[in-house]
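Undergrad: Coordinates in data01.pdb, PDB, C-alpha atoms, are listed below.
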```
ATOM      1  CA  MET A 264       0.000   0.000   0.000
ATOM      2  CA  TRP A 265       2.733   2.500   0.893
ATOM      3  CA  SER A 266       5.742   2.908  -1.306
ATOM      4  CA  ASP A 267       9.385   3.294  -0.297
ATOM      5  CA  ARG A 268      10.012   5.532  -3.293
ATOM      6  CA  LYS A 269      10.791   9.161  -2.861
ATOM      7  CA  PRO A 270       8.820  11.769  -4.868
ATOM      8  CA  GLN A 271      11.824  12.466  -7.168
ATOM      9  CA  ASP A 272      12.053   8.718  -7.968
ATOM     10  CA  LEU A 273       8.372   8.678  -8.939
ATOM     11  CA  ALA A 274       8.892  11.662 -11.218
ATOM     12  CA  LYS A 275      11.730   9.829 -13.018
ATOM     13  CA  SER A 276       9.724   6.629 -13.519
ATOM     14  CA  ASN A 277       6.527   8.422 -14.583
ATOM     15  CA  PRO A 278       7.507  11.512 -16.565
ATOM     16  CA  PRO A 279       4.648  13.909 -17.305
ATOM     17  CA  ASP A 280       2.976  13.486 -20.696
ATOM     18  CA  ASN A 281       3.778  16.743 -22.501
ATOM     19  CA  ARG A 282       2.861  15.539 -25.997
ATOM     20  CA  ALA A 283       0.033  18.048 -26.263
ATOM     21  CA  ALA A 284       2.375  20.904 -25.371
ATOM     22  CA  ARG A 285       5.101  19.756 -27.795
ATOM     23  CA  GLY A 286       2.773  18.941 -30.667
ATOM     24  CA  PRO A 287       2.575  15.656 -32.561
ATOM     25  CA  VAL A 288       5.745  13.601 -32.745
ATOM     26  CA  GLU A 289       4.686  11.475 -35.711
ATOM     27  CA  PRO A 290       4.379  13.024 -39.181
ATOM     28  CA  ALA A 291       0.892  14.143 -40.145
ATOM     29  CA  ASN A 292      -1.364  11.659 -41.918
ATOM     30  CA  VAL A 293      -0.970  11.763 -45.670
ATOM     31  CA  ALA A 294      -3.376  10.112 -48.084
ATOM     32  CA  VAL A 295      -1.551   8.906 -51.189
ATOM     33  CA  ILE A 296      -3.138   8.610 -54.607
ATOM     34  CA  GLY A 297      -0.719   6.140 -56.189
ATOM     35  CA  ARG A 298       0.589   6.013 -59.754
ATOM     36  CA  GLY A 299      -1.968   3.434 -60.865
ATOM     37  CA  MET A 300      -4.965   5.285 -59.406
ATOM     38  CA  ILE A 301      -7.420   7.502 -61.304
ATOM     39  CA  ILE A 302     -10.024   9.344 -59.241
ATOM     40  CA  ARG A 303     -12.887  11.309 -60.780
ATOM     41  CA  GLY A 304     -15.265  13.427 -58.710
ATOM     42  CA  GLN A 305     -15.306  15.827 -55.788
ATOM     43  CA  VAL A 306     -12.713  14.985 -53.142
ATOM     44  CA  ARG A 307     -12.801  16.456 -49.631
ATOM     45  CA  SER A 308     -10.138  15.465 -47.165
ATOM     46  CA  ALA A 309      -9.259  16.125 -43.536
ATOM     47  CA  GLU A 310      -5.636  15.125 -44.096
ATOM     48  CA  HIS A 311      -2.799  15.997 -46.442
ATOM     49  CA  ILE A 312      -2.851  14.442 -49.933
ATOM     50  CA  GLN A 313       0.039  13.300 -52.127
ATOM     51  CA  VAL A 314      -1.009  12.757 -55.766
ATOM     52  CA  ASP A 315       1.207  10.472 -57.831
ATOM     53  CA  GLY A 316      -1.687   9.255 -59.998
ATOM     54  CA  GLU A 317      -4.560  11.202 -61.581
ATOM     55  CA  LEU A 318      -7.346  13.206 -60.002
ATOM     56  CA  GLU A 319     -10.123  14.931 -61.946
ATOM     57  CA  GLY A 320     -13.015  16.982 -60.545
ATOM     58  CA  GLY A 321     -12.649  19.134 -57.437
ATOM     59  CA  LEU A 322     -10.343  19.024 -54.435
ATOM     60  CA  GLN A 323     -11.201  20.603 -51.057
ATOM     61  CA  LEU A 324      -8.430  20.376 -48.447
ATOM     62  CA  ALA A 325      -9.291  23.296 -46.185
ATOM     63  CA  GLY A 326      -6.422  23.542 -43.693
ATOM     64  CA  TYR A 327      -4.397  20.725 -45.294
ATOM     65  CA  ASP A 328      -1.661  20.432 -47.918
ATOM     66  CA  LEU A 329      -1.617  19.070 -51.460
ATOM     67  CA  SER A 330       1.539  17.717 -53.042
ATOM     68  CA  VAL A 331       1.528  16.672 -56.700
ATOM     69  CA  GLY A 332       4.441  14.359 -57.491
ATOM     70  CA  ALA A 333       6.387  14.396 -60.758
ATOM     71  CA  GLN A 334       4.072  11.730 -62.221
ATOM     72  CA  GLY A 335       0.907  13.252 -60.711
ATOM     73  CA  ARG A 336      -1.840  14.949 -62.753
ATOM     74  CA  VAL A 337      -4.660  17.008 -61.246
ATOM     75  CA  ARG A 338      -7.436  18.404 -63.425
ATOM     76  CA  ALA A 339      -9.453  20.185 -60.766
ATOM     77  CA  ASP A 340     -10.007  23.403 -58.902
ATOM     78  CA  VAL A 341      -8.078  23.133 -55.639
ATOM     79  CA  VAL A 342      -8.614  24.716 -52.217
ATOM     80  CA  ALA A 343      -5.830  23.910 -49.741
ATOM     81  CA  ARG A 344      -3.484  25.400 -47.166
ATOM     82  CA  GLU A 345      -0.270  24.750 -49.127
ATOM     83  CA  VAL A 346       0.147  23.377 -52.641
ATOM     84  CA  GLU A 347       3.380  21.977 -54.070
ATOM     85  CA  VAL A 348       3.488  21.026 -57.751
ATOM     86  CA  ALA A 349       6.169  18.839 -59.297
ATOM     87  CA  GLY A 350       3.703  17.286 -61.772
ATOM     88  CA  ILE A 351       0.710  18.965 -63.440
ATOM     89  CA  ILE A 352      -2.277  20.924 -62.125
ATOM     90  CA  ASP A 353      -4.821  22.122 -64.666
ATOM     91  CA  GLY A 354      -7.295  24.234 -62.685
ATOM     92  CA  ASN A 355      -7.605  27.210 -60.379
ATOM     93  CA  VAL A 356      -5.775  27.005 -57.055
ATOM     94  CA  ASP A 357      -6.706  28.823 -53.838
ATOM     95  CA  ALA A 358      -4.082  28.339 -51.111
ATOM     96  CA  THR A 359      -4.301  30.020 -47.717
ATOM     97  CA  LYS A 360      -0.528  29.849 -47.106
ATOM     98  CA  LYS A 361       1.650  29.181 -50.184
ATOM     99  CA  ILE A 362       1.871  27.688 -53.671
ATOM    100  CA  THR A 363       5.157  26.229 -54.930
ATOM    101  CA  VAL A 364       5.741  25.138 -58.530
ATOM    102  CA  ARG A 365       8.875  22.996 -58.682
ATOM    103  CA  LYS A 366      11.281  22.582 -61.607
ATOM    104  CA  GLY A 367       9.483  20.427 -64.185
ATOM    105  CA  GLY A 368       6.076  21.224 -62.667
ATOM    106  CA  ARG A 369       3.227  22.696 -64.733
ATOM    107  CA  LEU A 370       0.406  24.801 -63.365
ATOM    108  CA  LEU A 371      -2.313  26.076 -65.716
ATOM    109  CA  GLY A 372      -4.945  28.163 -63.951
ATOM    110  CA  ASP A 373      -5.572  31.212 -61.834
ATOM    111  CA  LEU A 374      -3.923  31.358 -58.410
ATOM    112  CA  ARG A 375      -5.030  33.049 -55.199
ATOM    113  CA  THR A 376      -2.518  32.936 -52.347
ATOM    114  CA  PRO A 377      -0.470  35.062 -49.944
ATOM    115  CA  GLY A 378       2.801  33.448 -51.093
ATOM    116  CA  ILE A 379       4.121  31.908 -54.307
ATOM    117  CA  VAL A 380       7.363  30.276 -55.455
ATOM    118  CA  ILE A 381       7.938  29.406 -59.110
ATOM    119  CA  GLU A 382      11.290  27.693 -59.607
ATOM    120  CA  ASP A 383      13.447  27.990 -62.737
ATOM    121  CA  GLY A 384      12.325  25.323 -65.181
ATOM    122  CA  ALA A 385       8.701  25.361 -63.976
ATOM    123  CA  TYR A 386       5.788  26.336 -66.236
ATOM    124  CA  PHE A 387       2.890  28.564 -65.194
ATOM    125  CA  LYS A 388       0.073  30.050 -67.247
ATOM    126  CA  GLY A 389      -2.677  32.053 -65.578
ATOM    127  CA  LYS A 390      -3.307  34.985 -63.272
ATOM    128  CA  ILE A 391      -1.925  35.419 -59.771
ATOM    129  CA  GLU A 392      -3.765  37.251 -57.010
ATOM    130  CA  ILE A 393      -1.573  37.819 -53.970
ATOM    131  CA  VAL A 394      -3.811  38.132 -50.930
ATOM    132  CA  ASN A 395      -3.018  39.184 -47.409
ATOM    133  CA  SER A 396      -5.391  37.455 -45.038
ATOM    134  CA  GLU A 397      -4.819  40.013 -42.271
ATOM    135  CA  GLY A 398      -5.235  42.918 -44.701
ATOM    136  CA  GLU A 399      -8.489  41.521 -46.038
ATOM    137  CA  GLN A 400      -9.826  41.106 -42.520
ATOM    138  CA  ASP A 401      -8.792  44.673 -41.649
ATOM    139  CA  ALA A 402     -10.476  46.013 -44.804
ATOM    140  CA  ASN A 403     -13.641  44.048 -44.038
ATOM    141  CA  SER A 404     -13.771  45.314 -40.447
ATOM    142  CA  ILE A 405     -13.210  48.906 -41.591
ATOM    143  CA  ALA A 406     -16.011  48.549 -44.149
ATOM    144  CA  ALA A 407     -18.316  47.004 -41.545
ATOM    145  CA  ALA A 408     -17.506  49.725 -39.005
ATOM    146  CA  SER A 409     -18.128  52.514 -41.490
ATOM    147  CA  ALA A 410     -21.400  51.047 -42.828
ATOM    148  CA  PRO A 411     -23.554  52.059 -39.803
ATOM    149  CA  LYS A 412     -22.143  55.609 -39.891
ATOM    150  CA  LYS A 413     -23.189  55.991 -43.531
ATOM    151  CA  ALA A 414     -26.645  54.687 -42.681
ATOM    152  CA  MET A 415     -26.948  57.218 -39.832
ATOM    153  CA  ALA A 416     -25.746  60.076 -42.001
ATOM    154  CA  GLY A 417     -28.597  59.406 -44.424
ATOM    155  CA  ALA A 418     -31.203  59.364 -41.637
TER     156      ALA A 418
END
```
Could the structure of this file be written out as structure tokens, please?
TA:
Amino acid sequence: MWSDRKPQDLAKSNPPDNRAARGPVEPANVAVIGRGMIIRGQVRSAEHIQVDGELEGGLQLAGYDLSVGAQGRVRADVVAREVEVAGIIDGNVDATKKITVRKGGRLLGDLRTPGIVIEDGAYFKGKIEIVNSEGEQDANSIAAASAPKKAMAGA
């Protein structure tokens, strides 16, 4: 019932579980669409996706990353946190953090992102809209704050 161990001995044998404070130790889950796979339709995922095969339709990865390998082909509009292209994307891409087109990668479509990297040897055709999430929020709050004043001025 009683233990001979001292409190410092107990602390050594049962260290506190600080995994939540340190973040995950294992790499994040990644769904892989392999070279032999062809997927057609609307795809929504709550994990990162690596495309080495073909995907056609729509791709919604809100808060997650998309990586298109050198053999990967995506014919879809994409919404993701980060997008990295070493293969081909034919469609519009909306990334909340960054889009990277690697050497040998091809991206055909309009882009909307706060950050973009296009390496030498990559191909891109389309329009780029650089957005600043904080700036958009500030502009929206200024517009919302000024709207009631305009309404009162007309009254």
Undergrad: Just to confirm, what's the straight-line distance from CA of Arg338 (chain A) to CA of Gly378 (chain A) in Å (one decimal)?
TA: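 Computing it gives 22.0 Å between the two atoms.
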Undergrad: Give me, please, the distance in Å between CA of Glu345 (chain A) and CA of Lys360 (chain A), quoted to one decimal.
TA: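 About the pair CA of Glu345 (chain A) and CA of Lys360 (chain A): they are 5.5 Å apart.
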Undergrad: Separation of CA of Leu329 (chain A) and CA of Ile391 (chain A), in Å?
TA: 18.3 Å
Undergrad: Selected by the PyMOL selection byres ((chain A and resi 355) around 7) in the shown coordinates: which residues, as a list in words?
TA: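 Going through the file, the PyMOL selection byres ((chain A and resi 355) around 7) ends up selecting Asp340, Val341, Gly354, Val356, Asp357, Gly372, Asp373 and Leu374 of chain A.
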Undergrad: Using the chain letters and residue numbers of this document, give as a PyMOL selection string the residues selected by the PyMOL selection byres ((chain A and resi 312) around 7).
TA: chain A and resi 293-295+310-311+313-314+328-330
Undergrad: Using the chain letters and numbers from the file, which residues does the PyMOL selection byres ((chain A and resi 306) around 6) grab, as a PyMOL selection string?
TA: chain A and resi 305+307+321-322
Undergrad: Closest to Val342 (chain A) among A:Ile379, A:Ile301, A:Leu324, A:Val364, using only C-alpha atoms?
TA: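 Closest residue, counting only C-alpha atoms: A:Leu324.
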Undergrad: Nearest residue to Arg365 (chain A) out of A:Gly389, A:Gly326, A:Gly350, A:Gly304, using only C-alpha atoms?
TA: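 Selected residue with least distance to Arg365 (chain A): A:Gly350.
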Undergrad: With distances taken over only C-alpha atoms, which residue among A:Arg303, A:Gln323, A:Tyr386, A:Glu317 lies nearest Ala349 (chain A)?
TA: A:Tyr386
Undergrad: Could you give me, as a VMD selection string, the residues that have an atom at most 12 Å away from the point (1.6, 21.3, -66.6) in the coordinates of the file, using only C-alpha atoms?
TA: chain A and resid 331 to 338 348 to 354 364 to 372 384 to 389
